[in-house]
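Trainee: Input structure: work_30.cif, which contains mmCIF, N, CA and C atoms.
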```cif
data_entry
#
loop_
_atom_site.label_atom_id
_atom_site.label_comp_id
_atom_site.auth_asym_id
_atom_site.auth_seq_id
_atom_site.Cartn_x
_atom_site.Cartn_y
_atom_site.Cartn_z
N MET J 29 -13.15 -25.73 -13.47
CA MET J 29 -12.88 -24.30 -13.39
C MET J 29 -12.53 -23.94 -11.96
N ASP J 30 -11.46 -23.16 -11.79
CA ASP J 30 -11.05 -22.69 -10.48
C ASP J 30 -12.10 -21.72 -9.95
N ILE J 31 -12.24 -21.64 -8.64
CA ILE J 31 -13.25 -20.77 -8.03
C ILE J 31 -13.01 -19.30 -8.34
N CYS J 32 -11.77 -18.91 -8.65
CA CYS J 32 -11.46 -17.51 -8.95
C CYS J 32 -11.63 -17.17 -10.41
N GLU J 33 -11.98 -18.15 -11.23
CA GLU J 33 -12.17 -17.91 -12.65
C GLU J 33 -13.66 -17.81 -12.97
N ALA J 34 -13.96 -16.96 -13.90
CA ALA J 34 -15.34 -16.83 -14.35
C ALA J 34 -15.35 -16.74 -15.87
N PRO J 35 -16.25 -17.45 -16.50
CA PRO J 35 -16.30 -17.37 -17.96
C PRO J 35 -16.77 -15.99 -18.40
N SER J 36 -16.17 -15.47 -19.46
CA SER J 36 -16.55 -14.16 -19.97
C SER J 36 -16.10 -14.06 -21.41
N SER J 37 -16.89 -13.37 -22.20
CA SER J 37 -16.50 -13.16 -23.58
C SER J 37 -15.66 -11.89 -23.72
N ARG J 38 -15.63 -11.06 -22.68
CA ARG J 38 -14.88 -9.83 -22.70
C ARG J 38 -13.96 -9.77 -21.49
N VAL J 39 -12.72 -9.39 -21.70
CA VAL J 39 -11.76 -9.28 -20.61
C VAL J 39 -12.11 -8.07 -19.75
N ILE J 40 -12.15 -8.27 -18.46
CA ILE J 40 -12.34 -7.19 -17.51
C ILE J 40 -11.08 -7.13 -16.66
N HIS J 41 -10.39 -6.00 -16.70
CA HIS J 41 -9.21 -5.82 -15.86
C HIS J 41 -9.68 -5.43 -14.47
N VAL J 42 -9.21 -6.13 -13.45
CA VAL J 42 -9.63 -5.86 -12.08
C VAL J 42 -8.45 -5.25 -11.33
N THR J 43 -8.70 -4.08 -10.74
CA THR J 43 -7.64 -3.37 -10.05
C THR J 43 -8.07 -2.94 -8.65
N ALA J 44 -7.07 -2.62 -7.85
CA ALA J 44 -7.27 -1.96 -6.56
C ALA J 44 -6.67 -0.57 -6.71
N THR J 45 -7.43 0.46 -6.36
CA THR J 45 -7.02 1.83 -6.56
C THR J 45 -7.14 2.59 -5.26
N GLY J 46 -6.14 3.41 -4.94
CA GLY J 46 -6.15 4.17 -3.70
C GLY J 46 -6.14 5.66 -3.93
N LEU J 47 -7.10 6.35 -3.32
CA LEU J 47 -7.08 7.81 -3.27
C LEU J 47 -6.28 8.18 -2.03
N ILE J 48 -5.08 8.70 -2.23
CA ILE J 48 -4.17 9.03 -1.14
C ILE J 48 -4.36 10.50 -0.80
N ALA J 49 -4.75 10.77 0.45
CA ALA J 49 -5.08 12.14 0.85
C ALA J 49 -4.31 12.55 2.09
N HIS J 50 -3.98 13.85 2.11
CA HIS J 50 -3.30 14.45 3.28
C HIS J 50 -3.56 15.95 3.25
N GLY J 51 -4.00 16.49 4.37
CA GLY J 51 -4.21 17.93 4.46
C GLY J 51 -5.19 18.50 3.47
N GLY J 52 -6.23 17.74 3.14
CA GLY J 52 -7.24 18.22 2.20
C GLY J 52 -6.82 18.17 0.75
N ARG J 53 -5.71 17.50 0.46
CA ARG J 53 -5.21 17.38 -0.91
C ARG J 53 -5.11 15.90 -1.28
N ILE J 54 -5.10 15.66 -2.58
CA ILE J 54 -5.05 14.28 -3.10
C ILE J 54 -3.77 14.12 -3.92
N LEU J 55 -3.13 12.96 -3.81
CA LEU J 55 -1.92 12.68 -4.56
C LEU J 55 -2.29 11.95 -5.85
N LEU J 56 -1.85 12.50 -6.98
CA LEU J 56 -2.09 11.88 -8.27
C LEU J 56 -0.76 11.73 -9.01
N GLY J 57 -0.74 10.78 -9.93
CA GLY J 57 0.45 10.54 -10.73
C GLY J 57 0.14 10.68 -12.22
N LYS J 58 1.08 11.22 -12.95
CA LYS J 58 0.96 11.34 -14.42
C LYS J 58 1.48 10.04 -15.03
N ARG J 59 0.60 9.32 -15.70
CA ARG J 59 0.94 8.00 -16.23
C ARG J 59 1.91 8.10 -17.41
N THR J 60 2.85 7.17 -17.46
CA THR J 60 3.80 7.10 -18.58
C THR J 60 3.30 6.19 -19.69
N SER J 61 2.30 5.39 -19.41
CA SER J 61 1.80 4.41 -20.37
C SER J 61 1.28 5.07 -21.64
N THR J 62 1.53 4.41 -22.76
CA THR J 62 0.93 4.84 -24.02
C THR J 62 -0.15 3.85 -24.45
N VAL J 63 -0.38 2.82 -23.61
CA VAL J 63 -1.31 1.74 -23.93
C VAL J 63 -2.62 1.88 -23.15
N ARG J 64 -2.55 2.21 -21.86
CA ARG J 64 -3.74 2.32 -21.02
C ARG J 64 -3.73 3.64 -20.26
N PHE J 65 -4.86 4.35 -20.33
CA PHE J 65 -5.01 5.64 -19.67
C PHE J 65 -3.79 6.52 -19.98
N ALA J 66 -3.42 6.56 -21.25
CA ALA J 66 -2.19 7.20 -21.71
C ALA J 66 -2.08 8.66 -21.29
N ALA J 67 -0.97 8.97 -20.62
CA ALA J 67 -0.60 10.34 -20.22
C ALA J 67 -1.63 11.03 -19.34
N MET J 68 -2.54 10.28 -18.76
CA MET J 68 -3.55 10.88 -17.88
C MET J 68 -3.02 10.96 -16.46
N TRP J 69 -3.59 11.87 -15.67
CA TRP J 69 -3.36 11.88 -14.23
C TRP J 69 -4.26 10.80 -13.64
N ASP J 70 -3.76 10.10 -12.63
CA ASP J 70 -4.52 8.96 -12.11
C ASP J 70 -4.20 8.74 -10.64
N ALA J 71 -5.10 8.05 -9.96
CA ALA J 71 -4.84 7.57 -8.61
C ALA J 71 -3.88 6.39 -8.74
N PHE J 72 -3.40 5.89 -7.64
CA PHE J 72 -2.39 4.83 -7.65
C PHE J 72 -3.01 3.48 -7.35
N GLY J 73 -2.38 2.43 -7.87
CA GLY J 73 -2.85 1.07 -7.64
C GLY J 73 -2.52 0.22 -8.84
N GLY J 74 -3.17 -0.93 -8.93
CA GLY J 74 -2.90 -1.79 -10.07
C GLY J 74 -3.69 -3.07 -10.03
N HIS J 75 -3.36 -3.94 -10.97
CA HIS J 75 -4.08 -5.19 -11.16
C HIS J 75 -3.93 -6.15 -9.97
N LEU J 76 -5.01 -6.86 -9.70
CA LEU J 76 -4.97 -7.94 -8.73
C LEU J 76 -4.38 -9.17 -9.42
N VAL J 77 -3.60 -9.93 -8.67
CA VAL J 77 -3.16 -11.23 -9.19
C VAL J 77 -4.28 -12.22 -8.85
N PRO J 78 -4.34 -13.37 -9.53
CA PRO J 78 -5.44 -14.31 -9.27
C PRO J 78 -5.65 -14.61 -7.79
N CYS J 79 -6.89 -14.48 -7.36
CA CYS J 79 -7.36 -14.78 -6.00
C CYS J 79 -6.82 -13.83 -4.94
N GLU J 80 -6.25 -12.70 -5.33
CA GLU J 80 -5.71 -11.73 -4.37
C GLU J 80 -6.84 -10.83 -3.86
N GLU J 81 -6.83 -10.58 -2.58
CA GLU J 81 -7.80 -9.66 -1.98
C GLU J 81 -7.46 -8.23 -2.42
N PRO J 82 -8.46 -7.40 -2.72
CA PRO J 82 -8.18 -6.05 -3.18
C PRO J 82 -7.32 -5.21 -2.23
N ALA J 83 -7.57 -5.29 -0.92
CA ALA J 83 -6.76 -4.50 0.03
C ALA J 83 -5.31 -4.94 0.03
N VAL J 84 -5.08 -6.24 -0.15
CA VAL J 84 -3.72 -6.77 -0.22
C VAL J 84 -3.05 -6.27 -1.50
N ALA J 85 -3.78 -6.29 -2.61
CA ALA J 85 -3.24 -5.80 -3.87
C ALA J 85 -2.89 -4.32 -3.76
N LEU J 86 -3.76 -3.54 -3.13
CA LEU J 86 -3.50 -2.11 -2.98
C LEU J 86 -2.23 -1.88 -2.17
N THR J 87 -2.08 -2.59 -1.08
CA THR J 87 -0.88 -2.46 -0.24
C THR J 87 0.37 -2.78 -1.05
N ARG J 88 0.34 -3.86 -1.81
CA ARG J 88 1.48 -4.26 -2.64
C ARG J 88 1.77 -3.21 -3.71
N GLU J 89 0.73 -2.76 -4.40
CA GLU J 89 0.90 -1.81 -5.49
C GLU J 89 1.44 -0.46 -5.01
N LEU J 90 0.96 0.04 -3.88
CA LEU J 90 1.43 1.34 -3.40
C LEU J 90 2.88 1.27 -2.92
N GLU J 91 3.27 0.11 -2.42
CA GLU J 91 4.68 -0.05 -2.06
C GLU J 91 5.54 -0.07 -3.33
N GLU J 92 5.06 -0.77 -4.38
CA GLU J 92 5.81 -0.83 -5.64
C GLU J 92 5.87 0.52 -6.35
N GLU J 93 4.77 1.27 -6.36
CA GLU J 93 4.69 2.51 -7.12
C GLU J 93 5.21 3.72 -6.37
N LEU J 94 4.98 3.78 -5.04
CA LEU J 94 5.31 4.98 -4.28
C LEU J 94 6.29 4.75 -3.14
N GLY J 95 6.64 3.50 -2.86
CA GLY J 95 7.56 3.21 -1.78
C GLY J 95 6.99 3.46 -0.39
N ILE J 96 5.65 3.39 -0.25
CA ILE J 96 5.03 3.60 1.06
C ILE J 96 4.34 2.33 1.54
N LYS J 97 4.21 2.21 2.86
CA LYS J 97 3.48 1.10 3.46
C LYS J 97 2.22 1.67 4.10
N ILE J 98 1.08 1.32 3.51
CA ILE J 98 -0.19 1.88 3.98
C ILE J 98 -0.73 1.07 5.15
N SER J 99 -1.60 1.73 5.93
CA SER J 99 -2.31 1.02 6.98
C SER J 99 -3.75 1.48 7.00
N ARG J 100 -4.63 0.57 7.25
CA ARG J 100 -6.07 0.80 7.38
C ARG J 100 -6.70 1.58 6.23
N PRO J 101 -6.53 1.11 4.98
CA PRO J 101 -7.25 1.78 3.89
C PRO J 101 -8.76 1.57 4.07
N ARG J 102 -9.54 2.58 3.75
CA ARG J 102 -11.00 2.50 3.89
C ARG J 102 -11.62 2.20 2.53
N PHE J 103 -12.35 1.10 2.44
CA PHE J 103 -13.00 0.71 1.19
C PHE J 103 -14.13 1.67 0.89
N LEU J 104 -14.13 2.21 -0.34
CA LEU J 104 -15.17 3.16 -0.75
C LEU J 104 -16.22 2.54 -1.67
N GLY J 105 -15.82 1.53 -2.45
CA GLY J 105 -16.77 0.92 -3.36
C GLY J 105 -16.09 0.40 -4.62
N ILE J 106 -16.93 -0.07 -5.52
CA ILE J 106 -16.45 -0.63 -6.79
C ILE J 106 -17.04 0.22 -7.91
N TYR J 107 -16.22 0.53 -8.89
CA TYR J 107 -16.73 1.23 -10.06
C TYR J 107 -16.07 0.65 -11.30
N GLU J 108 -16.71 0.85 -12.43
CA GLU J 108 -16.18 0.37 -13.71
C GLU J 108 -16.03 1.55 -14.65
N ASP J 109 -15.03 1.47 -15.50
CA ASP J 109 -14.90 2.47 -16.55
C ASP J 109 -14.21 1.86 -17.76
N ILE J 110 -14.31 2.57 -18.86
CA ILE J 110 -13.67 2.17 -20.11
C ILE J 110 -12.45 3.05 -20.29
N ASP J 111 -11.31 2.43 -20.50
CA ASP J 111 -10.08 3.17 -20.74
C ASP J 111 -10.19 3.90 -22.07
N PRO J 112 -10.02 5.23 -22.10
CA PRO J 112 -10.15 5.97 -23.36
C PRO J 112 -9.06 5.63 -24.37
N THR J 113 -7.93 5.07 -23.93
CA THR J 113 -6.84 4.74 -24.86
C THR J 113 -7.06 3.37 -25.49
N SER J 114 -7.21 2.34 -24.65
CA SER J 114 -7.31 0.96 -25.17
C SER J 114 -8.75 0.52 -25.42
N LYS J 115 -9.71 1.24 -24.86
CA LYS J 115 -11.14 0.89 -24.92
C LYS J 115 -11.47 -0.38 -24.13
N GLU J 116 -10.57 -0.79 -23.23
CA GLU J 116 -10.79 -1.97 -22.41
C GLU J 116 -11.61 -1.61 -21.17
N LEU J 117 -12.29 -2.61 -20.63
CA LEU J 117 -13.14 -2.43 -19.45
C LEU J 117 -12.33 -2.70 -18.18
N PHE J 118 -12.46 -1.80 -17.22
CA PHE J 118 -11.78 -1.94 -15.94
C PHE J 118 -12.80 -1.93 -14.81
N ARG J 119 -12.59 -2.81 -13.84
CA ARG J 119 -13.38 -2.82 -12.60
C ARG J 119 -12.39 -2.49 -11.48
N HIS J 120 -12.66 -1.39 -10.79
CA HIS J 120 -11.75 -0.90 -9.76
C HIS J 120 -12.36 -1.05 -8.37
N TYR J 121 -11.59 -1.60 -7.45
CA TYR J 121 -11.92 -1.59 -6.03
C TYR J 121 -11.25 -0.34 -5.48
N LEU J 122 -12.05 0.63 -5.05
CA LEU J 122 -11.53 1.93 -4.66
C LEU J 122 -11.42 2.05 -3.14
N PHE J 123 -10.27 2.57 -2.70
CA PHE J 123 -9.98 2.76 -1.28
C PHE J 123 -9.55 4.20 -1.03
N PHE J 124 -9.78 4.65 0.20
CA PHE J 124 -9.33 5.95 0.67
C PHE J 124 -8.18 5.71 1.63
N VAL J 125 -7.04 6.32 1.37
CA VAL J 125 -5.82 6.08 2.15
C VAL J 125 -5.38 7.38 2.80
N THR J 126 -5.32 7.38 4.13
CA THR J 126 -4.87 8.57 4.86
C THR J 126 -3.73 8.25 5.82
N ARG J 127 -3.36 6.97 5.93
CA ARG J 127 -2.29 6.57 6.84
C ARG J 127 -1.26 5.73 6.10
N TRP J 128 0.00 6.12 6.23
CA TRP J 128 1.08 5.35 5.63
C TRP J 128 2.40 5.71 6.30
N ALA J 129 3.37 4.84 6.08
CA ALA J 129 4.74 5.07 6.53
C ALA J 129 5.60 5.32 5.31
N GLY J 130 6.51 6.27 5.41
CA GLY J 130 7.39 6.61 4.30
C GLY J 130 6.92 7.88 3.61
N VAL J 131 7.72 8.34 2.68
CA VAL J 131 7.41 9.54 1.91
C VAL J 131 7.10 9.11 0.49
N PRO J 132 5.89 9.43 -0.01
CA PRO J 132 5.56 9.04 -1.38
C PRO J 132 6.57 9.59 -2.39
N ARG J 133 7.03 8.72 -3.26
CA ARG J 133 7.99 9.08 -4.29
C ARG J 133 7.76 8.18 -5.49
N ILE J 134 8.26 8.56 -6.64
CA ILE J 134 8.16 7.69 -7.81
C ILE J 134 9.13 6.54 -7.60
N ALA J 135 8.59 5.33 -7.49
CA ALA J 135 9.42 4.17 -7.17
C ALA J 135 9.55 3.19 -8.34
N ASN J 136 8.84 3.43 -9.42
CA ASN J 136 8.99 2.60 -10.62
C ASN J 136 8.70 3.46 -11.85
N GLU J 137 8.56 2.84 -12.99
CA GLU J 137 8.43 3.58 -14.25
C GLU J 137 6.99 3.92 -14.64
N GLU J 138 6.02 3.66 -13.78
CA GLU J 138 4.62 3.85 -14.16
C GLU J 138 4.17 5.31 -14.21
N HIS J 139 4.88 6.20 -13.52
CA HIS J 139 4.49 7.62 -13.49
C HIS J 139 5.70 8.50 -13.76
N SER J 140 5.49 9.57 -14.52
CA SER J 140 6.57 10.51 -14.80
C SER J 140 6.61 11.63 -13.77
N GLU J 141 5.51 11.81 -13.06
CA GLU J 141 5.39 12.90 -12.09
C GLU J 141 4.33 12.53 -11.08
N ILE J 142 4.52 12.95 -9.83
CA ILE J 142 3.46 12.86 -8.82
C ILE J 142 3.32 14.24 -8.20
N ARG J 143 2.08 14.56 -7.83
CA ARG J 143 1.83 15.89 -7.28
C ARG J 143 0.57 15.88 -6.42
N TRP J 144 0.58 16.71 -5.38
CA TRP J 144 -0.60 16.90 -4.53
C TRP J 144 -1.50 17.97 -5.15
N PHE J 145 -2.81 17.71 -5.18
CA PHE J 145 -3.78 18.64 -5.75
C PHE J 145 -4.92 18.90 -4.77
N ALA J 146 -5.40 20.13 -4.76
CA ALA J 146 -6.65 20.45 -4.07
C ALA J 146 -7.78 19.87 -4.92
N PRO J 147 -8.90 19.50 -4.30
CA PRO J 147 -9.99 18.93 -5.09
C PRO J 147 -10.43 19.79 -6.27
N ALA J 148 -10.47 21.11 -6.10
CA ALA J 148 -10.91 21.99 -7.19
C ALA J 148 -9.94 21.95 -8.37
N GLU J 149 -8.66 21.70 -8.12
CA GLU J 149 -7.68 21.65 -9.21
C GLU J 149 -7.86 20.41 -10.09
N VAL J 150 -8.41 19.36 -9.52
CA VAL J 150 -8.58 18.10 -10.25
C VAL J 150 -9.52 18.27 -11.44
N ASP J 151 -10.47 19.18 -11.33
CA ASP J 151 -11.43 19.41 -12.42
C ASP J 151 -10.76 19.85 -13.72
N PHE J 152 -9.58 20.42 -13.62
CA PHE J 152 -8.88 20.94 -14.80
C PHE J 152 -7.82 19.97 -15.34
N LEU J 153 -7.76 18.78 -14.75
CA LEU J 153 -6.78 17.77 -15.18
C LEU J 153 -7.44 16.72 -16.06
N ASP J 154 -6.62 16.04 -16.83
CA ASP J 154 -7.09 14.88 -17.60
C ASP J 154 -7.10 13.68 -16.67
N VAL J 155 -8.21 13.52 -15.95
CA VAL J 155 -8.43 12.46 -14.96
C VAL J 155 -9.74 11.78 -15.32
N ALA J 156 -9.80 10.48 -15.16
CA ALA J 156 -11.04 9.75 -15.42
C ALA J 156 -12.19 10.37 -14.62
N PRO J 157 -13.36 10.54 -15.23
CA PRO J 157 -14.50 11.14 -14.52
C PRO J 157 -14.85 10.42 -13.22
N SER J 158 -14.72 9.10 -13.19
CA SER J 158 -15.04 8.36 -11.97
C SER J 158 -14.08 8.71 -10.83
N ILE J 159 -12.82 8.95 -11.15
CA ILE J 159 -11.85 9.35 -10.12
C ILE J 159 -12.15 10.77 -9.64
N LYS J 160 -12.47 11.67 -10.57
CA LYS J 160 -12.84 13.03 -10.17
C LYS J 160 -14.02 13.01 -9.21
N ALA J 161 -15.05 12.23 -9.55
CA ALA J 161 -16.24 12.16 -8.70
C ALA J 161 -15.90 11.61 -7.32
N ALA J 162 -15.06 10.58 -7.27
CA ALA J 162 -14.68 9.99 -5.99
C ALA J 162 -13.88 10.99 -5.15
N ILE J 163 -13.00 11.73 -5.78
CA ILE J 163 -12.21 12.73 -5.05
C ILE J 163 -13.14 13.77 -4.43
N HIS J 164 -14.12 14.25 -5.20
CA HIS J 164 -15.06 15.25 -4.67
C HIS J 164 -15.95 14.68 -3.58
N LYS J 165 -16.17 13.39 -3.62
CA LYS J 165 -16.99 12.77 -2.57
C LYS J 165 -16.23 12.69 -1.25
N VAL J 166 -14.94 12.31 -1.30
CA VAL J 166 -14.17 12.15 -0.05
C VAL J 166 -13.53 13.45 0.40
N LEU J 167 -13.28 14.38 -0.52
CA LEU J 167 -12.69 15.67 -0.19
C LEU J 167 -13.51 16.78 -0.84
N PRO J 168 -14.68 17.06 -0.31
CA PRO J 168 -15.54 18.07 -0.95
C PRO J 168 -14.85 19.44 -1.00
N THR J 169 -15.08 20.13 -2.11
CA THR J 169 -14.55 21.48 -2.27
C THR J 169 -15.39 22.41 -1.43
N LYS J 170 -14.72 23.20 -0.61
CA LYS J 170 -15.45 24.16 0.24
C LYS J 170 -15.76 25.42 -0.57
N PRO J 171 -16.99 25.97 -0.41
CA PRO J 171 -17.36 27.18 -1.15
C PRO J 171 -16.56 28.39 -0.73
#
```
Go through the file and emit its structure as structure tokens.

Mentor:
Amino acid sequence: MDICEAPSSRVIHVTATGLIAHGGRILLGKRTSTVRFAAMWDAFGGHLVPCEEPAVALTRELEEELGIKISRPRFLGIYEDIDPTSKELFRHYLFFVTRWAGVPRIANEEHSEIRWFAPAEVDFLDVAPSIKAAIHKVLPTKP
């Protein structure tokens, strides 16, 4: 068995996810997928390839999805959730991103729309509860 493989009876999708923030707002994308997290608003990122470091995966994914080159993402932690569409288990390495080169834009087919949101606006979106909680932790809503 390779060192990067682990026996499991259930598939766990491992991703790197970035909360992209600027000026007290968070950038989210409306997913085009009908298979996973269908039509939900979501943070950006994607699956790790075998033996890939999460920060490296995040850098690659944000360039593929948004056409930006990030620098110094801050690791926030690991969380797991169940996709409401596929019912599959996901383990996410979550990062906070405040520095990048380029202008975020839709660079592939994974999102139909991207938009900046204030933290309070996120509560009214179809966003995974774990992402909502993380957004409120890094960008608290002011009373």

Trainee: What are the closest atom pairs, with distances in Å to one decimal, for each residue of range 64-167 of chain J lying within 6 Å of range 43-49 of chain J, using only C-alpha atoms, rows by chain and rising residue number, as a tab-separated table?

Mentor:
```
residue	atom	partner	partner_atom	distance
J:Ala71	CA	J:Leu47	CA	5.8
J:Phe72	CA	J:Gly46	CA	5.5
J:Gly73	CA	J:Thr45	CA	4.4
J:Gly74	CA	J:Thr43	CA	5.0
J:His75	CA	J:Thr43	CA	4.1
J:Leu76	CA	J:Thr43	CA	5.5
J:Pro82	CA	J:Ala44	CA	5.4
J:Leu86	CA	J:Ala44	CA	5.2
J:His120	CA	J:Thr43	CA	4.8
J:Tyr121	CA	J:Ala44	CA	4.7
J:Leu122	CA	J:Thr45	CA	4.9
J:Phe123	CA	J:Gly46	CA	4.7
J:Phe124	CA	J:Leu47	CA	4.9
J:Val125	CA	J:Ile48	CA	4.7
J:Thr126	CA	J:Ala49	CA	5.4
```

Trainee: Which residue out of J:Gly57, J:Val42, J:Ile98, J:Arg143 has the minimum interatomic distance to Val77 in chain J when only C-alpha atoms are used?

Mentor: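 Using only C-alpha atoms, Val77 in chain J sits closest to J:Val42.
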
Trainee: Could you tell me which residues the PyMOL selection byres (((chain J and resi 112-115 and name CA) around 8) and name CA) returns for this structure, as a list in words?

Mentor: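 With the PyMOL selection byres (((chain J and resi 112-115 and name CA) around 8) and name CA) on this model, the match is Thr62, Val63, Arg64, Phe65, Ala66, Ile110, Asp111, Glu116 and Leu117 of chain J.
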
Trainee: Using N, CA and C atoms, can you write the selected residues to a file as a compact mmCIF listing (two decimals), in the frame of the given file?

Mentor:
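Printed below is again_38.txt as written:
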```txt
# COMPACT_ATOMS: atom_id res chain seq x y z
N THR J 62 1.53 4.41 -22.76
CA THR J 62 0.93 4.84 -24.02
C THR J 62 -0.15 3.85 -24.45
N VAL J 63 -0.38 2.82 -23.61
CA VAL J 63 -1.31 1.74 -23.93
C VAL J 63 -2.62 1.88 -23.15
N ARG J 64 -2.55 2.21 -21.86
CA ARG J 64 -3.74 2.32 -21.02
C ARG J 64 -3.73 3.64 -20.26
N PHE J 65 -4.86 4.35 -20.33
CA PHE J 65 -5.01 5.64 -19.67
C PHE J 65 -3.79 6.52 -19.98
N ALA J 66 -3.42 6.56 -21.25
CA ALA J 66 -2.19 7.20 -21.71
C ALA J 66 -2.08 8.66 -21.29
N ILE J 110 -14.31 2.57 -18.86
CA ILE J 110 -13.67 2.17 -20.11
C ILE J 110 -12.45 3.05 -20.29
N ASP J 111 -11.31 2.43 -20.50
CA ASP J 111 -10.08 3.17 -20.74
C ASP J 111 -10.19 3.90 -22.07
N GLU J 116 -10.57 -0.79 -23.23
CA GLU J 116 -10.79 -1.97 -22.41
C GLU J 116 -11.61 -1.61 -21.17
N LEU J 117 -12.29 -2.61 -20.63
CA LEU J 117 -13.14 -2.43 -19.45
C LEU J 117 -12.33 -2.70 -18.18
```

Trainee: Which protein, DNA or RNA residues are at most 6 Å from (8.0, 5.2, -3.8) in the file's coordinates when you count only N, CA and C atoms, listed as a list in words?

Mentor: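 Within the cut-off we find Glu91, Glu92, Glu93, Leu94, Gly95, Ile96, Val131, Pro132, Arg133, Ile134, Ala135 and Asn136 of chain J.
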
Trainee: Provide the atom C of Thr87 in chain J to atom N of Gly52 in chain J distance in Å, to one decimal place.

Mentor: 22.0 Å

Trainee: Restricting the calculation to only C-alpha atoms, which member of J:Ile106, J:Val150, J:Ile159, J:Leu90 is positioned closest to Gly130 in chain J?

Mentor: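 Closest candidate: J:Leu90.
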